[in-house]
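Chemist: What follows is a structure written as structure tokens; I'll ask about it next.
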Amino acid sequence: MLTFVQWWDQLRVQQKVWTVVLVLCVPLIAALVVHVTLIQQLRAVQQQHEQAVQSRGQVRLLLSLAVDIEDAFRGYLLTRQDEFLKPMQEAESSLQPTVAAAVELAGDKPGLADAILGLGERATALLESKHSLIRRVQTGHLDKVLGYVRSGKGLALSDALRRDIKNVEGTLDRRIKSLAAEEAGLARRAFWGLLLAVVLGLALGLSSARLLTRSITRPLAALQSSTATLEKSIESGGKAVSIPIGSSDEIGQVARTFEGMVGHIHRHIRELEAINGIGTEINTIGPDGLDGVLRRITDRASEMLQVDVCLVMLRHEKMACWIVEAASGPWHEKLHKTVMLWDEFPIAVRSFETGNPSIGEDLRSDRRPATIRRNLMGESLLSIPLMSHGKPFGVLMLLLERKVAENEWNIRLAKGFAEQAAIAISNARLYEEAKRQSKDLLNRLRYLESQAETLAHDLKGPGERMEELADMMLAEYGGRLDEKATRWLRRMQGYGQDLSDRVENLLEVARVGAMQESVEALDPALVVGDVLKARAGELEERKVRVHVANPLPMVAGHRAYLRQVFDNLISNAVKFCKDRPDPEVRIEACLKGDLAQFSVRDNGCGIPPQQRDRVFEPFVRLESASAKGSGIGLTIVRRIIELYGGQVWIEPESRDGCTVMFTLPVLGMLDSTRPRAAVSPERSEREGKPHA
């Protein structure tokens with residue numbers, strides 16, 4: 001026979017809650033019903049008591065009206081003045097409403113209501129008799145009226161009416177006392193009943209709280225404390241977690257589910273560790289490249305997922321078919337690079353198109369010609385799509401010789417392995433494609449370099465010979481030719497020289513970036529100092545003032561290239577500000593994140609906005625500039641700056657003169673302790689000499 005505790009533990013949480021609610025609520029509801037009934041009875045008695053009091057007031061008012069009728073008649077009889085009839089008139093107007101109100105208030109007592117009606121009729125009869133006597137007096141029959149008064153009949157009628165009214169009033173007084181006593185009794189019963197209900201509710205509430213604590217609160221606390229041991233259980237390598245909850249309700253089921261979940265977590269961790277280890281292995285690209293990655297994928301999939309055959313089949317977009325890129329075990333030699341028809345693997349097609357795993361069972365029972373070759377490899381099949389950037393590019397096929405149900409496949413582990421395999425295949429394909437493109441690009445660059453050098457020499461030779469021929473003709477026949485022929489020969493000589501110079505300039509532009517040395521830490525201030533020293537004579541001759549901000553941020557690069565950049569920019573600035581009476585060049589720099597931004601500013605003629613982009617193209621010269629030059633200075637600057645990942649441009653806000661801006665990778669923060677250029681800008685400005 002089950003004990004209460006055993007019976008209670010077998011109940012579900014909902015049943016326990018309903019049991020507690022019933023145990024708590026049924027007595028409280030019963031007590032509440034009784035209390036409400038007592039309150040309703042008390043309200044009914046209070047209403048009857050109030051009606052009785054009001055009814056007594058109306059009866060007393062009726063007595064007052066009867067007295068007013070008698071007194072008004074006597075006053076009029078003695079004085080013969082109509083003023084004494086006003087109380088009678090007022091009593092006449094109030095008599096019927098007073099009787100009606102008293103009858104309505106005494107409606108629950110038929111005998112009392114009849115008595116009040118009778119009093120009203122007698123009071124009305126008394127009033128009529130007084131009116132009759134008054135009319136006799138007014139018509140001159142005073143003697144008869146006085147004889148009636150002396151007989152005492154009228155007085156006896158009035159006294160009898162007042163006596164009966166007082167009897168009814170006494171009846172009402174007794175009723176009022178009875179109702180007051182009944183009201184007090186009901187109030188006491190309601191109070192003690194309410195007190196008993198509160199005590200009973202507290203007792204039942206405490207009992208229910210203890211039951212709920214034992215059934216819900218304590219198990220939940222045990223479940224919460226057990227969750228804290230989950231991490232320790234995982235770290236301990238799969239130690240089982242036991243929760244001390246013995247009930248079979250929902251909380252007990254949650255406890256059992258939690259224990260099972262811990263086991264699942266341990267299995268998942270082991271699977272993730274295995275997938276991670278295998279992912280590292282299959283993602284390693286060795287000398288065997290993509291083929292080696294594919295072979296490792298199929299072999300490790302067979303071992304981990306315990307299948308008989310594993311295939312990696314990729315879709316060939318142009319032929320719309322499957323290509324078997326790799327197979328596990330001896331099947332690789334048989335199936336490698338085999339072309340499979342698209343419809344030959346409908347399960348693989350389904351997983352490829354839906355992006356979800358697809359399962360096939362009892363495959364060998366399908367004897368259609370399109371599937372016979374596939375069915376030779378297994379009885380059951382699991383196809384997992386291989387995804388890259390959310391799009392499928394192939395499938396991982398897992399086959400078993402025996403027939404298995406859908407729930408026997410470890411789909412989660414297979415999906416995790418397929419994700420790692422897809423990443424490995426994508427990386428290997430990208431790696432091989434990058435190697436191929438790099439090799440092709442290197443070969444093409446070498447070919448272009450050889451072609452450029454050959455073309456340059458082929459072009460340079462005719463130019464030099466044209467110049468030499470013109471020199472020889474001028475030397476031999478210069479004195480015998482007229483001015484026009486001499487001018488043409490000199491033009492031919494200039495064209496030959498120009499052709500040779502252009503070819504040399506093109507070779508110079510092409511050689512930018514050919515330097516193979518490692519970058520070094522460079523102080524731009526020292527590089528600018530070298531450039532200014534080399535151009536000291538030119539700057540002194542043209543009276544150009546050069547101001548260099550100090551310090552300049554350290555950059556990474558090649559010293560020869562950086563010197564060429566500053567040399568070309570300073571040379572351009574000097575050329576285009578020669579017409580100014582006070583030519584000036586300013587070199588400044590600031591940090592922009594991980595880049596150093598330099599500016600070379602002059603106060604020369606400037607560059608029109610529509611030509612600020614064209615000046616970086618080869619052999620482009622300003623139409624307004626009369627200075628000589630090859631037109632490739634800024635082209636070389638751009639090639640060098642872009643070689644380091646920087647940018648070069650003409651400052652668009654420049655109005656007076658020109659400002660060339662460029663960026664280079666910064667090496668370190670500004671350091672005011674680094675050595676300065678040979679002459680400081682302040683000293684240069686004080687002495688009025690060019691900065692050198």
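How things are named: the first chain in the structure tokens is A, the next is B, and so on; residues count from 1 in each chain; ligands count from 1 in the order shown.
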Quick one: residues within 9 Å of A:Leu532, only C-alpha atoms counted, chain neighbours fewer than 3 positions away excluded, as a list of chain:residue names?
Modeler: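 Result of the neighbour search: A:Val527, A:Val528, A:Gly529, A:Arg535, A:Ala536, A:Leu539, A:Val546, A:Asp567, A:Ile570, A:His691, A:Ala692.
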Chemist: Would you list, as a PyMOL selection string, the residues of stretch 512-619 of chain A that end up in alpha helix (DSSP H) under DSSP run on this structure's backbone?
Modeler: chain A and resi 524-534+536-542+559-576
Chemist: Keeping only C-alpha atoms, write the selected residues as a PDB file, in the first residue's frame.
Modeler:
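Output below, filename part_2.pdb:
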```pdb
ATOM      1  CA  PRO A 524      62.977  61.718 -44.189  1.00  0.00           C
ATOM      2  CA  ALA A 525      64.728  64.782 -42.729  1.00  0.00           C
ATOM      3  CA  LEU A 526      68.130  63.269 -43.476  1.00  0.00           C
ATOM      4  CA  VAL A 527      67.030  62.213 -46.974  1.00  0.00           C
ATOM      5  CA  VAL A 528      65.738  65.737 -47.683  1.00  0.00           C
ATOM      6  CA  GLY A 529      69.023  67.110 -46.355  1.00  0.00           C
ATOM      7  CA  ASP A 530      70.960  65.013 -48.875  1.00  0.00           C
ATOM      8  CA  VAL A 531      68.753  66.293 -51.721  1.00  0.00           C
ATOM      9  CA  LEU A 532      69.184  69.919 -50.629  1.00  0.00           C
ATOM     10  CA  LYS A 533      72.964  69.530 -50.411  1.00  0.00           C
ATOM     11  CA  ALA A 534      73.084  68.126 -53.942  1.00  0.00           C
ATOM     12  CA  ALA A 536      72.613  73.729 -53.079  1.00  0.00           C
ATOM     13  CA  GLY A 537      74.105  75.556 -56.056  1.00  0.00           C
ATOM     14  CA  GLU A 538      70.827  75.677 -57.988  1.00  0.00           C
ATOM     15  CA  LEU A 539      68.895  76.822 -54.897  1.00  0.00           C
ATOM     16  CA  GLU A 540      71.482  79.521 -54.166  1.00  0.00           C
ATOM     17  CA  GLU A 541      71.422  80.724 -57.780  1.00  0.00           C
ATOM     18  CA  ARG A 542      67.627  81.011 -57.919  1.00  0.00           C
ATOM     19  CA  ARG A 559      66.588  55.210 -49.293  1.00  0.00           C
ATOM     20  CA  ALA A 560      67.252  55.540 -53.035  1.00  0.00           C
ATOM     21  CA  TYR A 561      63.524  55.592 -53.855  1.00  0.00           C
ATOM     22  CA  LEU A 562      62.665  58.109 -51.115  1.00  0.00           C
ATOM     23  CA  ARG A 563      65.550  60.342 -52.247  1.00  0.00           C
ATOM     24  CA  GLN A 564      64.243  60.176 -55.824  1.00  0.00           C
ATOM     25  CA  VAL A 565      60.716  61.154 -54.645  1.00  0.00           C
ATOM     26  CA  PHE A 566      61.916  64.256 -52.783  1.00  0.00           C
ATOM     27  CA  ASP A 567      64.405  65.133 -55.520  1.00  0.00           C
ATOM     28  CA  ASN A 568      61.700  65.022 -58.240  1.00  0.00           C
ATOM     29  CA  LEU A 569      59.193  67.023 -56.150  1.00  0.00           C
ATOM     30  CA  ILE A 570      61.733  69.683 -55.097  1.00  0.00           C
ATOM     31  CA  SER A 571      63.016  69.939 -58.692  1.00  0.00           C
ATOM     32  CA  ASN A 572      59.442  70.460 -59.988  1.00  0.00           C
ATOM     33  CA  ALA A 573      58.740  73.058 -57.287  1.00  0.00           C
ATOM     34  CA  VAL A 574      61.910  74.988 -58.121  1.00  0.00           C
ATOM     35  CA  LYS A 575      61.148  74.938 -61.876  1.00  0.00           C
ATOM     36  CA  PHE A 576      57.571  76.216 -61.534  1.00  0.00           C
TER      37      PHE A 576
END
```
Chemist: Using only C-alpha atoms, which of the listed residues (A:Ser358, A:Ser129, A:Asn427, A:Gln610) sits closest to A:Leu155?
Modeler: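 Closest to A:Leu155 of all the choices is A:Ser129.
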Chemist: Return the single residue from A:Ala113, A:Ile636, A:Leu38, A:Leu382 that is closest to A:Arg189, with distances computed using only C-alpha atoms.
Modeler: A:Leu38
Chemist: Residues of stretch 161-229 of chain A that approach stretch 49-73 of chain A to 10 Å or less, counting only C-alpha atoms: could you list each one with the shortest pair of atoms and its distance in Å to one decimal, rows by chain and increasing residue number, as CSV?
Modeler:
```
residue,atom,partner,partner_atom,distance
A:Leu161,CA,A:Ala66,CA,7.9
A:Arg162,CA,A:Leu63,CA,6.2
A:Arg163,CA,A:Leu63,CA,9.2
A:Asp164,CA,A:Leu63,CA,9.5
A:Ile165,CA,A:Leu63,CA,6.3
A:Lys166,CA,A:Leu63,CA,7.8
A:Val168,CA,A:Val59,CA,7.6
A:Glu169,CA,A:Arg56,CA,5.9
A:Gly170,CA,A:Arg56,CA,8.8
A:Thr171,CA,A:Arg56,CA,9.1
A:Leu172,CA,A:Arg56,CA,5.9
A:Asp173,CA,A:Arg56,CA,7.4
A:Arg174,CA,A:Ala52,CA,9.8
A:Arg175,CA,A:Ala52,CA,7.2
A:Ile176,CA,A:His49,CA,5.8
A:Lys177,CA,A:His49,CA,8.6
A:Ser178,CA,A:His49,CA,8.8
A:Leu179,CA,A:His49,CA,5.6
A:Ala180,CA,A:His49,CA,6.8
A:Glu182,CA,A:His49,CA,9.6
A:Glu183,CA,A:His49,CA,8.4
```
